[in-house]
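Colleague: Let me give you the structure first, and then I'll get to my questions.
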Amino acid sequence: MDPLDQIDLNKLPRHIAIIMDGNGRWARRRLMNRIHGHREGAKSVRAVVTTCRKLNIPYLTLYAFSKENWRRPAQEINALWDLLLEYIDSQLPEMLEKGIRLNTIGDEEGLPERVIKALDFAKEKTSKNKDMVVNLAINYGGRQEIIAGIKKLVQEVMNNQVNPDDINMELFSGYLFTGRQPDPDLLIRTSGEFRISNFLLWQLAYTEIYVTPVLWPDFREKELIEAIKDYQRRERRFGRTSDQLHTHQAEIPAS
Ligand code: FPP
């Protein structure tokens with residue numbers, strides 16, 4: 001039986017977010033350099049994007065490089081940029097063929113010029129694609145994103161472009177990097193840690209969280225399907241009682 005047949009296609013998450021953790025541990029267990037772990041991890045990125053596309057999941061957000069990751073040795077950081085460029089280069093034809101739009105969330109400022117160029121090129125090339133959005137979180141921090149959104153909003157209030165009385169949750173969401181995209185339904189974190197690590201702090205308000213001990217380089221189609229099956233067993237109540245759910249459609253309350 002095709003493992004994809006084990007999931008209910010009518011109850012799929014619309015947006016999956018992933019904290020890809022455990023590349024270093026994967027390498028260490030094999031007495032390899034950490035960079036080998038990242039290289040294997042890039043293969044998991046390919047596998048997960050391909051499976052989400054096959055399932056018609058329209059939004060996938062991957063935590064590729066956090067604000068905190070600058071604390072790593074320069075050699076490792078450079079290897080991560082090389083891998084990212086390699087990934088974009090090798091995957092661009094498939095993104096174009098399969099209708100996948102590449103987007104980034106995070107600060108461009110501070111990234112090496114070659115990374116900015118490659119990302120801008122791929123974003124522009126895929127900008128018309130409509131079937132799926134892959135958000136790569138690069139130089140990203142959730143608190144920083146909220147502060148940046150507030151600054152933009154305050155500026156527009158000062159320019160009389162926004163009336164403070166109109167500020168509500170929906171309007172504010174539009175000032176974040178994720179703009180009008182739906183919030184994640186499912187957050188996956190690999191390699192066993194129960195932390196959010198400054199990821200999508202605003203957007204994860206109602207998200208179901210799935211933590212697996214599997215290290216990111218070992219997280220492929222089969223593991224993603226397990227995560228989706230687990231999600232499908234959950235009851236999402238958004239503050240309602242279980243009884244109410246059986247008579248009403250679950251919806252996030254409007255702001
Ligand atoms: C966490 O593992 C992973 C990262 C900090 C980076 C994620 C990068 C990739 C998956 C590779 C390239 C990315 C793309 C988008 C092609 P860790 O190093 O923190 O692992 P550890 O906690 O076991 O040390």
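Identifiers in the structure tokens: chain A, B, ... in order shown; residue index from 1 per chain; ligand index from 1 in order shown.
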Extract, using only C-alpha atoms, all DNA, RNA and protein residues at most 12 Å from Lys54 in chain A, discarding same-chain residues fewer than 2 positions from it, and format them as a PyMOL selection string.
Modeller: chain A and resi 4-5+9+47-52+56-58+98-100+131-132+221+225
Colleague: Which residues are close to range 203-207 of chain A, i.e. within 8 Å by only C-alpha atoms, leaving aside same-chain residues fewer than 5 positions away? Reply as JSON, numbers by chain.
Modeller: {"A": [183, 184, 185, 186, 187, 238]}
Colleague: Dump C-alpha atoms for the selected residues as an mmCIF file, in the first residue's frame?
Modeller:
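The result, written out as again_35.cif:
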```cif
data_model
loop_
_atom_site.group_PDB
_atom_site.id
_atom_site.type_symbol
_atom_site.label_atom_id
_atom_site.label_comp_id
_atom_site.auth_asym_id
_atom_site.auth_seq_id
_atom_site.Cartn_x
_atom_site.Cartn_y
_atom_site.Cartn_z
ATOM 1 C CA ASP A 183 -1.246 30.361 9.960
ATOM 2 C CA PRO A 184 0.433 26.940 10.233
ATOM 3 C CA ASP A 185 -1.934 24.107 11.177
ATOM 4 C CA LEU A 186 0.931 21.819 12.091
ATOM 5 C CA LEU A 187 4.404 22.530 13.494
ATOM 6 C CA PHE A 238 -9.959 26.683 19.194
#
```
Colleague: Calculate how many Å separate CA of Leu62 in chain A from CA of Ile18 in chain A, rounding to one decimal.
Modeller: 5.0 Å
Colleague: How would you write, as a count of residues only, the set of residues no farther than 8 Å from ligand 1 when counting only C-alpha atoms and all ligand atoms?
Modeller: 39
Colleague: Just the number, please: distance in Å from CA of Ile147 in chain A to CA of Arg114 in chain A, one decimal.
Modeller: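 We find that CA of Ile147 in chain A and CA of Arg114 in chain A lie 27.0 Å from each other.
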Colleague: Would you please extract all alpha helix (DSSP H) residues from range 45-250 of chain A, as assigned by DSSP on the backbone, and give them as an MDAnalysis selection string?
Modeller: chainID A and resid 45:54 74:98 113:125 142:158 169:173 221:232 242:245
Colleague: For a quick check of understanding, using only C-alpha atoms, which of A:Arg30, A:Lys222, A:Arg101, A:His15 has the smallest distance to Lys123 in chain A?
Modeller: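 Using only C-alpha atoms, the shortest distance to Lys123 in chain A belongs to A:Arg101.
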Colleague: Wanna dump the range 99-121 of chain A-range 155-178 of chain A contacts at 9 Å for me, each residue with its shortest atom pair and the distance in Å to one decimal, counting only C-alpha atoms, ordered by chain and number, as a Markdown table?
Modeller:
```
| residue | atom | partner | partner_atom | distance |
| --- | --- | --- | --- | --- |
| A:Thr104 | CA | A:Phe177 | CA | 8.2 |
| A:Ile105 | CA | A:Phe177 | CA | 5.4 |
| A:Gly106 | CA | A:Phe177 | CA | 7.0 |
```
Colleague: Could those residues be written to a file, using C-alpha atoms, as a PDB file, in the first residue's frame?
Modeller:
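In the end it all went to out-v9.pdb:
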```
ATOM      1  CA  THR A 104      11.799  33.838   2.144  1.00  0.00           C
ATOM      2  CA  ILE A 105      10.951  35.154   5.565  1.00  0.00           C
ATOM      3  CA  GLY A 106      13.582  36.893   7.674  1.00  0.00           C
TER       4      GLY A 106
END
```
Colleague: Can you measure CA of Arg189 in chain A to CA of His36 in chain A for me? One decimal in Å is fine.
Modeller: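 CA of His36 in chain A lies 20.1 Å from CA of Arg189 in chain A.
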Colleague: Nearest to Phe219 in chain A: which of A:Phe121, A:Val133, A:Leu201, A:Thr190 is it, counting only C-alpha atoms?
Modeller: A:Thr190
Colleague: Among range 23-213 of chain A, which residues carry a DSSP assignment of strand (DSSP E or B), reported as an NGL selection string?
Modeller: :A and (59-66 or 100-105 or 132-140 or 186-189 or 208-211)
